[in-house]
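Notes follow once the structure below has been shown.
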Amino acid sequence: MTDEVLRVEELTVKTDLGVDVVADVDFSASSGRLLGLLGETGAGKTMTARATLGLLPPGLRARGRVRFVDQEWIPLERPDLIRRHLGLTAGLMLQNPMGAFDPLQRVGPQMIEAVVRNGLMTKQSALSRASRLCDELSLGDAEQVFRLYPHQLSGGMSQRVALALALMPSPRLLVVDEPTSALDANLRVDALRLVQSLAQKTDMAVVIISHDLGLVSRFCDEIAVLYAGHLAETGRTLDVLGSPAHPYTRTLMSCSLRLEGPSRTTLPTIGGEPPGPGQWPQGCYFHPRCPDAVDQCRRQRPVFASSRDRARGAACHFARLEESA
Amino acid sequence: MRDMKRSGNGLTRPAAVASDPPPPPTIKVAGLSKTFSSRGGASRKVLSDVTFSVAAGKTTAIVGESGAGKTTLVRCIAGLERPSSGQVLVHGVPVRLRPGRIAPVQMVFQNAIDALDPMRSVGSSIAEPLRGQSRGQRRERVDELLSLVGISPSRAKDRPGNFSGGQLQRVVIARALAPSPSVLLCDEPTSALDLSVQAQVLNLLMTLQAKHHFAGILVTHDLAIARALADDILVLRAGQVLFHGEVGQLLDPSAELDEYVRRLVRTSQESELPVPAKLPCASSSLEPASPTASTRPN
């Protein structure tokens with residue numbers, strides 16, 4: 001069994017009109033470890049995840065290649081081949097959990113349907129696993145949850161049921177998009193603790209898409225920061241957040257709120273808004289908002305440079321990359 | 001630190017300061033309870049004796065997990081739901097929604113895009129509560145409101161699809177402020193926004209409140225956001241108020257807190273981004289990423 005569960009190379013997503021949404025993104029996820037894909041809205045996090053699993057919406061096309069576990073490379077232009085891994089090797093939880101359910105069917109049958117149909121479990125063992133997951137995700141009486149229709153779930157419940165649904169087949173790769181945005185701190189930590197523990201117990205690799213820096217810093221082993229459809233910085237969480245190489249990572253960190261921070265005072269912000277697809281500026285994409293931008297940043301686009309051990313990388317003319325121990 | 005006392009219902013509250021009498025509340029939620037009954041006769045109590053008040057220029061945050069009763073409380077405060085018992089008073093008058101009348105409580109919703117008609121210009125949506133004024137007055141007020149929230153009035157004719165998430169939330173705030181409400185009720189106003197945009201919106205709300213002195217009610221599941229924006233916090237669980245007081249009291253290790261509240265504070269602190277000093281870098285060897293790395297001007 002290989003340590004690397006997912007590798008994506010040269011991932012590019014374009015619209016049918018030829019506008020780049022994501023460009024030249026490489027990343028990998030290893031068994032038992034959590035990778036956090038960080039970035040603002042429109043940075044391309046969700047499109048990166050969807051392209052990786054062959055689930056781009058109509059009007060978007062992907063290029064590049066992906067490899068699951070130790071199998072063959074699959075071209076990202078062939079989503080039909082990639083989708084064969086869904087529900088078997090790979091599980092996905094999308095940002096809008098209600099979209100994961102059939103509104104006319106009760107929750108229970110939906111939770112077990114895919115694993116039983118794919119021959120992964122008997123109906124009885126599927127029910128037993130679903131019940132255990134409900135319990136571990138603090139959903140209360142599983143029998144009662146199974147009887148509910150999706151519209152009867154609250155926002156927080158639907159997020160946890162969708163997470164349980166993605167975990168049902170014990171996938172080798174779990175991709176979760178903003179998995180806990182509707183949960184309070186207690187449930188958020190419980191849900192991610194469960195994901196982390198399952199990852200370690202079952203050698204599952206997890207890709208968490210989030211803009212919650214605090215959560216990512218606590219649970220993820222590695223981080224990939226995306227800005228304007230490109231990788232801004234990658235590396236081990238401790239390294240990246242301990243000593244950010246890209247000014248975007250640094251400014252993003254300065255916006256993070258703290259419980260012990262000041263109350264009712266002006267909060268630090270990043271000036272302006274991130275550019276949308278097709279509006280990427282010349283030079284470094286971050287330079288209009290970068291507090292440290294110089295003339296070179298306006299003229300020349302920095303290449304994504306990696307440290308010698310390839311454990312860290314950043315796309316900044318002035319990045320100083322510290323090698324992992 | 002302010003003195004604290006235990007109130008009759010066991011909640012920790014700040015003691016009144018004799019020399020500084022509290023201002024009269026703009027909104028008072030008094031003994032509010034709500035029970036839903038199903039057709040089968042079963043009933044479910046979702047709010048139980050919730051009481052708090054907010055003065056002009058102050059903000060109270062309502063914090064609670066999913067299913068705590070936050071949404072029902074919001075609907076009761078906004079006049080969208082009738083409480084089973086208790087009442088919501090704004091300037092001493094019960095809140096009632098009447099057709100054609102502007103409610104004294106205006107709302108800012110979580111998903112700005114869902115709160116706006118995609119086929120109408122944002123200017124037209126903002127002008128909606130200004131019915132009864134002349135066209136010129138409405139246009140002038142819309143321009144003023146857009147400027148107030150940092151959006152160019154020249155964009156009044158644009159539709160919601162042409163704005164980013166943060167800009168749309170500003171538009172929704174502008175619309176909520178159009179009738180100069182006494183109370184601004186913000187339901188998870190930043191949970192759909194990024195960190196940097198979230199801070200921009202929170203700053204905007206604080207600036208607007210300082211200028212317009214509305215009473216603010218913030219519903220959030222994030223204690224750090226409550227800390228940043230609110231003067232005091234009410235923690236709700238299963239319809240019950242478990243804590244009501246200043247944020248500082250939550251962080252006071254000697255405060256007597258409900259076990260759920262204590263855990264909420266602990267997990268909130270644990271899931272914060274640690275300060276860089278607590279994130280030791282694995283190595284000390286520096287490797288320039290590019291030949292230009294050493295040429296950065298100071």
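All residue names refer to the structure tokens as shown: chains lettered A, B, ... in order, residues numbered from 1 in each chain, ligands numbered from 1 in order.
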
With a cut-off of 8 Å and counting only C-alpha atoms, select all residues of chain A in contact with chain B and give the selection as a compact mmCIF listing (two decimals) with all heavy atoms, in the first residue's frame.
```
# COMPACT_ATOMS: atom_id res chain seq x y z
N GLU A 40 -9.64 32.41 -0.24
CA GLU A 40 -10.88 33.18 -0.19
C GLU A 40 -11.87 32.67 -1.24
O GLU A 40 -11.50 31.89 -2.12
CB GLU A 40 -10.58 34.66 -0.43
CG GLU A 40 -9.82 35.32 0.70
CD GLU A 40 -9.41 36.73 0.34
OE1 GLU A 40 -8.36 36.91 -0.27
OE2 GLU A 40 -10.15 37.65 0.68
N THR A 41 -13.09 33.17 -1.17
CA THR A 41 -14.10 32.83 -2.17
C THR A 41 -13.58 33.20 -3.56
O THR A 41 -13.02 34.28 -3.74
CB THR A 41 -15.39 33.63 -1.90
OG1 THR A 41 -15.78 33.38 -0.56
CG2 THR A 41 -16.50 33.25 -2.84
N SER A 154 -31.76 20.30 10.58
CA SER A 154 -31.28 21.68 10.71
C SER A 154 -29.97 21.79 9.93
O SER A 154 -29.42 20.79 9.47
CB SER A 154 -31.04 22.00 12.19
OG SER A 154 -29.92 21.28 12.65
N GLY A 155 -29.46 23.02 9.78
CA GLY A 155 -28.24 23.24 9.01
C GLY A 155 -27.08 22.41 9.55
O GLY A 155 -26.35 21.75 8.80
N GLY A 156 -26.91 22.42 10.87
CA GLY A 156 -25.81 21.68 11.49
C GLY A 156 -25.99 20.17 11.35
O GLY A 156 -25.04 19.43 11.13
N MET A 157 -27.25 19.72 11.49
CA MET A 157 -27.52 18.27 11.36
C MET A 157 -27.24 17.81 9.94
O MET A 157 -26.64 16.76 9.72
CB MET A 157 -28.98 17.97 11.69
CG MET A 157 -29.28 17.88 13.16
SD MET A 157 -31.04 17.63 13.41
CE MET A 157 -31.16 15.86 13.37
N SER A 181 -19.07 24.64 8.58
CA SER A 181 -19.35 26.07 8.66
C SER A 181 -20.62 26.40 9.44
O SER A 181 -20.77 27.50 9.94
CB SER A 181 -19.42 26.67 7.26
OG SER A 181 -20.39 26.00 6.50
N ALA A 182 -21.55 25.43 9.54
CA ALA A 182 -22.80 25.72 10.26
C ALA A 182 -22.78 25.20 11.70
O ALA A 182 -23.80 25.24 12.38
CB ALA A 182 -23.99 25.11 9.52
N LEU A 183 -21.63 24.70 12.14
CA LEU A 183 -21.58 24.09 13.47
C LEU A 183 -20.93 25.02 14.49
O LEU A 183 -20.07 25.83 14.13
CB LEU A 183 -20.77 22.78 13.42
CG LEU A 183 -21.21 21.74 12.39
CD1 LEU A 183 -20.34 20.50 12.52
CD2 LEU A 183 -22.67 21.37 12.58
N ASP A 184 -21.34 24.89 15.75
CA ASP A 184 -20.68 25.69 16.78
C ASP A 184 -19.34 25.04 17.11
O ASP A 184 -19.00 23.97 16.60
CB ASP A 184 -21.57 25.83 18.02
CG ASP A 184 -21.61 24.58 18.88
OD1 ASP A 184 -21.08 23.55 18.45
OD2 ASP A 184 -22.17 24.63 19.97
N ALA A 185 -18.55 25.73 17.94
CA ALA A 185 -17.17 25.29 18.17
C ALA A 185 -17.10 23.84 18.68
O ALA A 185 -16.26 23.06 18.24
CB ALA A 185 -16.49 26.23 19.16
N ASN A 186 -18.02 23.47 19.60
CA ASN A 186 -17.97 22.12 20.15
C ASN A 186 -18.18 21.06 19.07
O ASN A 186 -17.40 20.12 18.95
CB ASN A 186 -19.07 21.94 21.21
CG ASN A 186 -18.76 22.72 22.48
OD1 ASN A 186 -17.66 23.21 22.65
ND2 ASN A 186 -19.74 22.83 23.36
N LEU A 187 -19.24 21.25 18.27
CA LEU A 187 -19.57 20.25 17.24
C LEU A 187 -18.52 20.25 16.14
O LEU A 187 -18.20 19.21 15.55
CB LEU A 187 -20.95 20.51 16.66
CG LEU A 187 -22.12 20.29 17.62
CD1 LEU A 187 -23.42 20.76 17.00
CD2 LEU A 187 -22.23 18.82 18.00
N VAL A 189 -15.30 20.91 16.41
CA VAL A 189 -14.11 20.19 16.87
C VAL A 189 -14.41 18.69 16.93
O VAL A 189 -13.59 17.87 16.50
CB VAL A 189 -13.65 20.74 18.24
CG1 VAL A 189 -12.63 19.83 18.88
CG2 VAL A 189 -13.07 22.14 18.05
N HIS A 211 -12.08 28.12 4.70
CA HIS A 211 -11.40 29.39 4.89
C HIS A 211 -11.22 29.67 6.38
O HIS A 211 -10.89 30.77 6.77
CB HIS A 211 -12.12 30.54 4.16
CG HIS A 211 -13.54 30.75 4.56
ND1 HIS A 211 -14.58 30.56 3.69
CD2 HIS A 211 -14.09 31.13 5.72
CE1 HIS A 211 -15.72 30.82 4.33
NE2 HIS A 211 -15.44 31.16 5.54
N ASP A 212 -11.40 28.60 7.19
CA ASP A 212 -11.23 28.73 8.63
C ASP A 212 -9.79 28.36 8.99
O ASP A 212 -9.43 27.20 9.15
CB ASP A 212 -12.22 27.80 9.33
CG ASP A 212 -12.23 28.00 10.83
OD1 ASP A 212 -11.22 28.48 11.38
OD2 ASP A 212 -13.25 27.68 11.46
N LEU A 213 -8.96 29.39 9.11
CA LEU A 213 -7.54 29.16 9.37
C LEU A 213 -7.30 28.45 10.70
O LEU A 213 -6.42 27.61 10.81
CB LEU A 213 -6.82 30.51 9.42
CG LEU A 213 -6.04 30.95 8.21
CD1 LEU A 213 -5.48 32.33 8.43
CD2 LEU A 213 -4.89 29.98 7.96
N GLY A 214 -8.10 28.82 11.70
CA GLY A 214 -7.90 28.23 13.02
C GLY A 214 -8.10 26.73 12.99
O GLY A 214 -7.29 25.96 13.49
N LEU A 215 -9.18 26.32 12.34
CA LEU A 215 -9.51 24.91 12.26
C LEU A 215 -8.44 24.14 11.47
O LEU A 215 -8.01 23.05 11.86
CB LEU A 215 -10.87 24.77 11.58
CG LEU A 215 -11.73 23.65 12.05
CD1 LEU A 215 -12.08 23.82 13.51
CD2 LEU A 215 -13.00 23.59 11.24
N SER A 217 -5.38 25.02 11.06
CA SER A 217 -4.12 24.98 11.81
C SER A 217 -4.16 23.88 12.87
O SER A 217 -3.15 23.29 13.19
CB SER A 217 -3.85 26.33 12.47
OG SER A 217 -4.73 26.53 13.56
N ARG A 218 -5.36 23.62 13.38
CA ARG A 218 -5.44 22.62 14.44
C ARG A 218 -5.46 21.19 13.90
O ARG A 218 -4.90 20.29 14.51
CB ARG A 218 -6.70 22.86 15.27
CG ARG A 218 -6.94 21.75 16.26
CD ARG A 218 -7.71 22.15 17.46
NE ARG A 218 -7.75 20.98 18.34
CZ ARG A 218 -8.66 20.78 19.26
NH1 ARG A 218 -9.58 21.69 19.45
NH2 ARG A 218 -8.65 19.71 20.01
N LEU A 238 2.73 23.52 10.33
CA LEU A 238 3.58 24.19 11.31
C LEU A 238 4.52 25.17 10.64
O LEU A 238 4.76 26.27 11.14
CB LEU A 238 4.40 23.15 12.10
CG LEU A 238 3.65 22.31 13.11
CD1 LEU A 238 4.60 21.35 13.80
CD2 LEU A 238 2.97 23.19 14.13
N ASP A 239 5.07 24.76 9.49
CA ASP A 239 6.02 25.63 8.79
C ASP A 239 5.33 26.84 8.18
O ASP A 239 5.79 27.97 8.32
CB ASP A 239 6.73 24.83 7.68
CG ASP A 239 7.60 23.73 8.26
OD1 ASP A 239 8.04 23.88 9.41
OD2 ASP A 239 7.80 22.72 7.56
N LEU A 241 2.31 28.24 8.77
CA LEU A 241 1.72 29.22 9.69
C LEU A 241 2.74 29.75 10.69
O LEU A 241 2.60 30.86 11.21
CB LEU A 241 0.52 28.60 10.42
CG LEU A 241 -0.63 28.15 9.50
CD1 LEU A 241 -1.80 27.63 10.32
CD2 LEU A 241 -1.11 29.30 8.61
N GLY A 242 3.78 28.98 10.94
CA GLY A 242 4.84 29.44 11.84
C GLY A 242 5.69 30.51 11.19
O GLY A 242 6.21 31.41 11.85
N SER A 243 5.86 30.41 9.87
CA SER A 243 6.70 31.36 9.17
C SER A 243 6.22 31.47 7.72
O SER A 243 6.82 30.89 6.82
CB SER A 243 8.14 30.85 9.26
OG SER A 243 8.93 31.45 8.31
N LEU A 252 -3.67 37.00 5.54
CA LEU A 252 -4.84 36.19 5.89
C LEU A 252 -4.81 35.84 7.39
O LEU A 252 -5.83 35.90 8.08
CB LEU A 252 -4.81 34.90 5.06
CG LEU A 252 -6.11 34.20 4.72
CD1 LEU A 252 -7.10 35.14 4.05
CD2 LEU A 252 -5.84 33.00 3.82
N MET A 253 -3.62 35.49 7.87
CA MET A 253 -3.48 35.15 9.29
C MET A 253 -3.80 36.35 10.19
O MET A 253 -4.37 36.20 11.27
CB MET A 253 -2.06 34.66 9.58
CG MET A 253 -1.78 33.27 9.04
SD MET A 253 -0.04 32.85 9.17
CE MET A 253 0.16 32.68 10.94
N CYS A 255 -6.00 38.49 9.76
CA CYS A 255 -7.45 38.75 9.82
C CYS A 255 -8.17 37.76 10.73
O CYS A 255 -9.38 37.88 10.94
CB CYS A 255 -8.06 38.63 8.43
SG CYS A 255 -7.49 39.87 7.30
N SER A 256 -7.47 36.75 11.23
CA SER A 256 -8.12 35.72 12.03
C SER A 256 -8.54 36.29 13.39
O SER A 256 -7.74 36.95 14.05
CB SER A 256 -7.12 34.56 12.22
OG SER A 256 -7.77 33.45 12.68
N LEU A 257 -9.79 36.05 13.78
CA LEU A 257 -10.30 36.60 15.03
C LEU A 257 -9.89 35.72 16.21
O LEU A 257 -9.75 34.52 16.07
CB LEU A 257 -11.82 36.69 14.99
CG LEU A 257 -12.41 37.62 13.94
CD1 LEU A 257 -13.93 37.57 13.99
CD2 LEU A 257 -11.94 39.05 14.16
N ARG A 258 -9.72 36.37 17.36
CA ARG A 258 -9.37 35.64 18.58
C ARG A 258 -10.34 35.96 19.69
O ARG A 258 -10.76 37.11 19.82
CB ARG A 258 -7.97 36.05 19.05
CG ARG A 258 -6.88 35.54 18.19
CD ARG A 258 -5.55 36.09 18.63
NE ARG A 258 -4.60 35.89 17.57
CZ ARG A 258 -4.11 34.72 17.22
NH1 ARG A 258 -4.46 33.65 17.91
NH2 ARG A 258 -3.27 34.59 16.22
N LEU A 259 -10.65 34.94 20.49
CA LEU A 259 -11.57 35.15 21.61
C LEU A 259 -10.97 36.11 22.64
O LEU A 259 -11.67 36.85 23.30
CB LEU A 259 -11.88 33.79 22.25
CG LEU A 259 -13.11 33.68 23.12
CD1 LEU A 259 -14.32 34.26 22.45
CD2 LEU A 259 -13.35 32.25 23.50
N GLU A 260 -9.67 36.09 22.76
CA GLU A 260 -9.04 36.97 23.74
C GLU A 260 -8.60 38.27 23.10
O GLU A 260 -7.88 39.06 23.72
CB GLU A 260 -7.86 36.25 24.40
CG GLU A 260 -8.30 34.96 25.04
CD GLU A 260 -7.53 34.60 26.29
OE1 GLU A 260 -6.94 35.49 26.89
OE2 GLU A 260 -7.52 33.42 26.64
N GLY A 261 -9.01 38.50 21.86
CA GLY A 261 -8.65 39.74 21.18
C GLY A 261 -9.50 40.89 21.68
O GLY A 261 -10.38 40.72 22.52
N PRO A 262 -9.24 42.09 21.17
CA PRO A 262 -10.01 43.24 21.64
C PRO A 262 -11.46 43.17 21.16
O PRO A 262 -11.75 42.54 20.15
CB PRO A 262 -9.29 44.44 20.99
CG PRO A 262 -8.60 43.86 19.81
CD PRO A 262 -8.28 42.44 20.13
N SER A 263 -12.35 43.78 21.95
CA SER A 263 -13.76 43.79 21.59
C SER A 263 -14.12 45.18 21.07
O SER A 263 -13.64 46.18 21.57
CB SER A 263 -14.58 43.46 22.84
OG SER A 263 -15.94 43.39 22.51
N ARG A 264 -14.98 45.23 20.05
CA ARG A 264 -15.51 46.49 19.53
C ARG A 264 -14.41 47.46 19.09
O ARG A 264 -14.49 48.66 19.32
CB ARG A 264 -16.41 47.17 20.56
CG ARG A 264 -17.46 46.26 21.17
CD ARG A 264 -18.81 46.32 20.59
NE ARG A 264 -19.39 47.60 20.35
CZ ARG A 264 -20.39 47.77 19.48
NH1 ARG A 264 -20.83 46.74 18.78
NH2 ARG A 264 -20.93 48.94 19.30
N THR A 265 -13.35 46.94 18.49
CA THR A 265 -12.35 47.82 17.89
C THR A 265 -12.20 47.42 16.43
O THR A 265 -12.55 46.30 16.04
CB THR A 265 -10.98 47.70 18.57
OG1 THR A 265 -10.57 46.34 18.51
CG2 THR A 265 -11.02 48.15 20.01
N THR A 266 -11.65 48.32 15.62
CA THR A 266 -11.53 48.05 14.19
C THR A 266 -10.62 46.84 13.97
O THR A 266 -9.53 46.74 14.53
CB THR A 266 -10.94 49.29 13.48
OG1 THR A 266 -11.77 50.39 13.82
CG2 THR A 266 -10.92 49.09 11.98
N LEU A 267 -11.11 45.92 13.13
CA LEU A 267 -10.37 44.68 12.88
C LEU A 267 -9.47 44.85 11.66
O LEU A 267 -9.81 45.58 10.73
CB LEU A 267 -11.36 43.54 12.62
CG LEU A 267 -12.40 43.31 13.71
CD1 LEU A 267 -13.53 42.44 13.20
CD2 LEU A 267 -11.74 42.66 14.92
N PRO A 268 -8.33 44.15 11.64
CA PRO A 268 -7.47 44.24 10.45
C PRO A 268 -8.12 43.58 9.25
O PRO A 268 -8.81 42.56 9.39
CB PRO A 268 -6.20 43.48 10.87
CG PRO A 268 -6.57 42.68 12.05
CD PRO A 268 -7.77 43.29 12.68
N THR A 269 -7.95 44.16 8.09
CA THR A 269 -8.53 43.58 6.87
C THR A 269 -7.47 43.58 5.76
O THR A 269 -6.45 44.25 5.88
CB THR A 269 -9.72 44.42 6.35
OG1 THR A 269 -9.24 45.74 6.08
CG2 THR A 269 -10.85 44.50 7.33
N ILE A 270 -7.74 42.81 4.72
CA ILE A 270 -6.91 42.90 3.52
C ILE A 270 -7.65 43.88 2.61
O ILE A 270 -8.83 43.68 2.34
CB ILE A 270 -6.78 41.55 2.79
CG1 ILE A 270 -6.35 40.45 3.76
CG2 ILE A 270 -5.78 41.65 1.64
CD1 ILE A 270 -6.23 39.08 3.11
N GLU A 273 -10.59 43.31 -2.89
CA GLU A 273 -11.18 41.97 -2.96
C GLU A 273 -10.37 41.13 -3.94
O GLU A 273 -9.73 41.68 -4.85
CB GLU A 273 -12.63 42.06 -3.41
CG GLU A 273 -13.46 42.84 -2.41
CD GLU A 273 -14.94 42.54 -2.50
OE1 GLU A 273 -15.33 41.74 -3.36
OE2 GLU A 273 -15.68 43.09 -1.70
N ALA A 305 8.09 28.52 -6.62
CA ALA A 305 9.38 27.91 -6.31
C ALA A 305 9.28 27.00 -5.10
O ALA A 305 8.53 27.31 -4.16
CB ALA A 305 10.39 29.01 -6.04
N SER A 306 10.00 25.88 -5.14
CA SER A 306 9.95 24.93 -4.03
C SER A 306 11.28 24.90 -3.29
O SER A 306 12.33 25.19 -3.87
CB SER A 306 9.65 23.53 -4.55
OG SER A 306 8.40 23.50 -5.16
N SER A 307 11.21 24.52 -2.02
CA SER A 307 12.44 24.32 -1.27
C SER A 307 13.14 23.07 -1.81
O SER A 307 12.53 22.28 -2.52
CB SER A 307 12.12 24.16 0.22
OG SER A 307 11.29 23.03 0.40
N ALA A 314 6.27 28.39 -2.64
CA ALA A 314 5.53 29.65 -2.63
C ALA A 314 5.72 30.37 -3.95
O ALA A 314 6.75 30.21 -4.61
CB ALA A 314 5.99 30.54 -1.48
N HIS A 317 8.15 36.59 -5.41
CA HIS A 317 9.53 36.91 -5.78
C HIS A 317 10.44 36.91 -4.57
O HIS A 317 11.64 36.69 -4.69
CB HIS A 317 9.59 38.31 -6.41
CG HIS A 317 8.90 38.40 -7.74
ND1 HIS A 317 9.24 37.59 -8.81
CD2 HIS A 317 7.89 39.20 -8.17
CE1 HIS A 317 8.46 37.90 -9.84
NE2 HIS A 317 7.63 38.86 -9.48
N PHE A 318 9.88 37.17 -3.41
CA PHE A 318 10.72 37.38 -2.23
C PHE A 318 10.49 36.32 -1.15
O PHE A 318 10.78 36.57 0.02
CB PHE A 318 10.44 38.78 -1.67
CG PHE A 318 10.60 39.83 -2.72
CD1 PHE A 318 9.48 40.45 -3.26
CD2 PHE A 318 11.85 40.18 -3.18
CE1 PHE A 318 9.62 41.41 -4.25
CE2 PHE A 318 12.00 41.15 -4.17
CZ PHE A 318 10.88 41.76 -4.71
N ALA A 319 9.97 35.18 -1.56
CA ALA A 319 9.69 34.13 -0.57
C ALA A 319 10.99 33.58 -0.02
O ALA A 319 11.95 33.36 -0.75
CB ALA A 319 8.88 33.02 -1.22
N ARG A 320 10.99 33.34 1.27
CA ARG A 320 12.11 32.63 1.88
C ARG A 320 11.54 31.31 2.41
O ARG A 320 10.71 31.32 3.30
CB ARG A 320 12.72 33.42 3.03
CG ARG A 320 13.58 34.56 2.53
CD ARG A 320 14.19 35.32 3.69
NE ARG A 320 15.11 36.32 3.19
CZ ARG A 320 16.41 36.09 2.96
NH1 ARG A 320 16.92 34.90 3.20
NH2 ARG A 320 17.20 37.04 2.51
N LEU A 321 11.96 30.25 1.80
CA LEU A 321 11.38 28.95 2.13
C LEU A 321 12.29 28.22 3.09
O LEU A 321 13.45 27.99 2.80
CB LEU A 321 11.17 28.12 0.87
CG LEU A 321 10.24 28.77 -0.15
CD1 LEU A 321 10.25 27.99 -1.44
CD2 LEU A 321 8.84 28.87 0.40
N GLU A 322 11.73 27.87 4.22
CA GLU A 322 12.51 27.15 5.21
C GLU A 322 12.22 25.67 5.06
O GLU A 322 11.07 25.26 4.98
CB GLU A 322 12.14 27.64 6.60
CG GLU A 322 12.37 29.13 6.70
CD GLU A 322 12.04 29.66 8.07
OE1 GLU A 322 11.95 28.86 9.01
OE2 GLU A 322 11.89 30.88 8.19
N GLU A 323 13.26 24.86 5.03
CA GLU A 323 13.07 23.43 4.80
C GLU A 323 12.55 22.74 6.04
O GLU A 323 12.88 23.10 7.16
CB GLU A 323 14.39 22.81 4.37
CG GLU A 323 14.87 23.45 3.08
CD GLU A 323 15.77 22.55 2.30
OE1 GLU A 323 16.16 21.51 2.84
OE2 GLU A 323 16.06 22.88 1.14
N SER A 324 11.71 21.73 5.80
CA SER A 324 11.17 20.96 6.91
C SER A 324 12.26 20.12 7.54
O SER A 324 13.22 19.73 6.88
CB SER A 324 10.06 20.04 6.41
OG SER A 324 9.10 20.81 5.76
N ALA A 325 12.09 19.84 8.82
CA ALA A 325 13.07 18.99 9.50
C ALA A 325 12.93 17.57 9.00
O ALA A 325 11.84 17.13 8.68
CB ALA A 325 12.85 19.07 10.99
```

| message | Need the shell around Val105 in chain B: protein/DNA/RNA residues with any atom at most 12 Å away, counting only C-alpha atoms. Skip same-chain ones fewer than 3 positions apart. Format as JSON, numbers by chain? | response | {"B": [26, 27, 28, 74, 75, 76, 77, 78, 79, 80, 88, 89, 90, 91, 93, 94, 95, 96, 97, 101, 102, 108, 176, 177, 178, 179, 180, 181, 182, 183, 184, 185, 186, 214, 215, 216, 217]}

Write a file of the just-selected residues containing C-alpha atoms, as a CSV table (one decimal), in the first residue's frame.
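The resulting file, selection.csv, is shown below:
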```
chain,number,residue,atom,x,y,z
B,26,THR,CA,-34.4,50.0,22.8
B,27,ILE,CA,-35.5,46.4,22.6
B,28,LYS,CA,-36.7,44.2,25.4
B,74,VAL,CA,-34.8,35.5,15.6
B,75,ARG,CA,-38.2,35.0,13.9
B,76,CYS,CA,-40.0,36.0,17.2
B,77,ILE,CA,-37.9,39.1,17.5
B,78,ALA,CA,-38.5,40.1,13.9
B,79,GLY,CA,-42.2,39.5,14.4
B,80,LEU,CA,-42.3,36.6,11.9
B,88,VAL,CA,-40.8,41.5,22.3
B,89,LEU,CA,-41.0,45.3,22.9
B,90,VAL,CA,-39.3,48.0,20.9
B,91,HIS,CA,-39.4,51.3,22.7
B,93,VAL,CA,-44.3,48.8,22.0
B,94,PRO,CA,-44.9,45.1,21.1
B,95,VAL,CA,-43.4,44.1,17.7
B,96,ARG,CA,-46.1,43.3,15.2
B,97,LEU,CA,-45.7,43.0,11.4
B,101,ARG,CA,-45.9,49.2,7.7
B,102,ILE,CA,-42.1,49.3,8.1
B,108,VAL,CA,-29.4,41.1,7.7
B,176,ALA,CA,-31.9,47.0,6.3
B,177,LEU,CA,-30.8,50.6,7.3
B,178,ALA,CA,-33.0,52.3,4.7
B,179,PRO,CA,-36.0,52.8,7.0
B,180,SER,CA,-33.6,53.9,9.9
B,181,PRO,CA,-34.6,50.9,12.1
B,182,SER,CA,-34.4,51.0,15.9
B,183,VAL,CA,-33.0,47.4,15.9
B,184,LEU,CA,-30.7,45.7,13.4
B,185,LEU,CA,-30.9,41.9,13.7
B,186,CYS,CA,-28.0,40.2,12.0
B,214,PHE,CA,-29.4,51.3,16.5
B,215,ALA,CA,-29.5,48.4,18.9
B,216,GLY,CA,-27.8,45.4,17.4
B,217,ILE,CA,-28.6,41.7,17.9
```

| field | Secondary structure check, helix (DSSP H, G or I) residues of range 39-270 of chain A, as a PyMOL selection string | value | chain A and resi 45-52+79-85+97-100+107-117+123-136+142-147+150-152+155-167+185-202+213-219+237-242+247-254

| message | Can you pull out the residues contacting Gln105 in chain A? Cut-off 12 Å, using only C-alpha atoms, and skip same-chain residues under 4 positions away; I want them as a VMD selection string. | response | chain A and resid 100 to 101 109 to 111 113 146 to 152

Ala62 in chain A environment, 8 Å, only C-alpha atoms, sequence neighbours closer than 3 positions dropped, as an mmCIF file with N, CA and C atoms, in the first residue's frame:
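Final output, out_30.cif:
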```cif
data_model
loop_
_atom_site.group_PDB
_atom_site.id
_atom_site.type_symbol
_atom_site.label_atom_id
_atom_site.label_comp_id
_atom_site.auth_asym_id
_atom_site.auth_seq_id
_atom_site.Cartn_x
_atom_site.Cartn_y
_atom_site.Cartn_z
ATOM 1 N N LEU A 11 -3.169 20.712 -12.761
ATOM 2 C CA LEU A 11 -4.623 20.876 -12.873
ATOM 3 C C LEU A 11 -4.970 22.295 -13.339
ATOM 4 N N THR A 12 -5.704 22.362 -14.429
ATOM 5 C CA THR A 12 -6.184 23.639 -14.940
ATOM 6 C C THR A 12 -7.674 23.492 -15.237
ATOM 7 N N VAL A 13 -8.450 24.479 -14.835
ATOM 8 C CA VAL A 13 -9.885 24.473 -15.137
ATOM 9 C C VAL A 13 -10.195 25.715 -15.962
ATOM 10 N N LYS A 14 -10.845 25.497 -17.089
ATOM 11 C CA LYS A 14 -11.211 26.617 -17.973
ATOM 12 C C LYS A 14 -12.710 26.615 -18.198
ATOM 13 N N ALA A 51 -12.830 19.230 -9.870
ATOM 14 C CA ALA A 51 -12.105 18.730 -11.043
ATOM 15 C C ALA A 51 -11.357 17.453 -10.687
ATOM 16 N N LEU A 56 -16.957 18.547 -12.290
ATOM 17 C CA LEU A 56 -17.092 19.961 -12.650
ATOM 18 C C LEU A 56 -18.496 20.237 -13.169
ATOM 19 N N LEU A 76 -7.414 14.380 -16.469
ATOM 20 C CA LEU A 76 -8.552 15.116 -15.904
ATOM 21 C C LEU A 76 -9.596 15.453 -16.964
ATOM 22 N N GLU A 77 -9.212 15.278 -18.229
ATOM 23 C CA GLU A 77 -10.183 15.483 -19.319
ATOM 24 C C GLU A 77 -11.188 14.340 -19.376
#
```
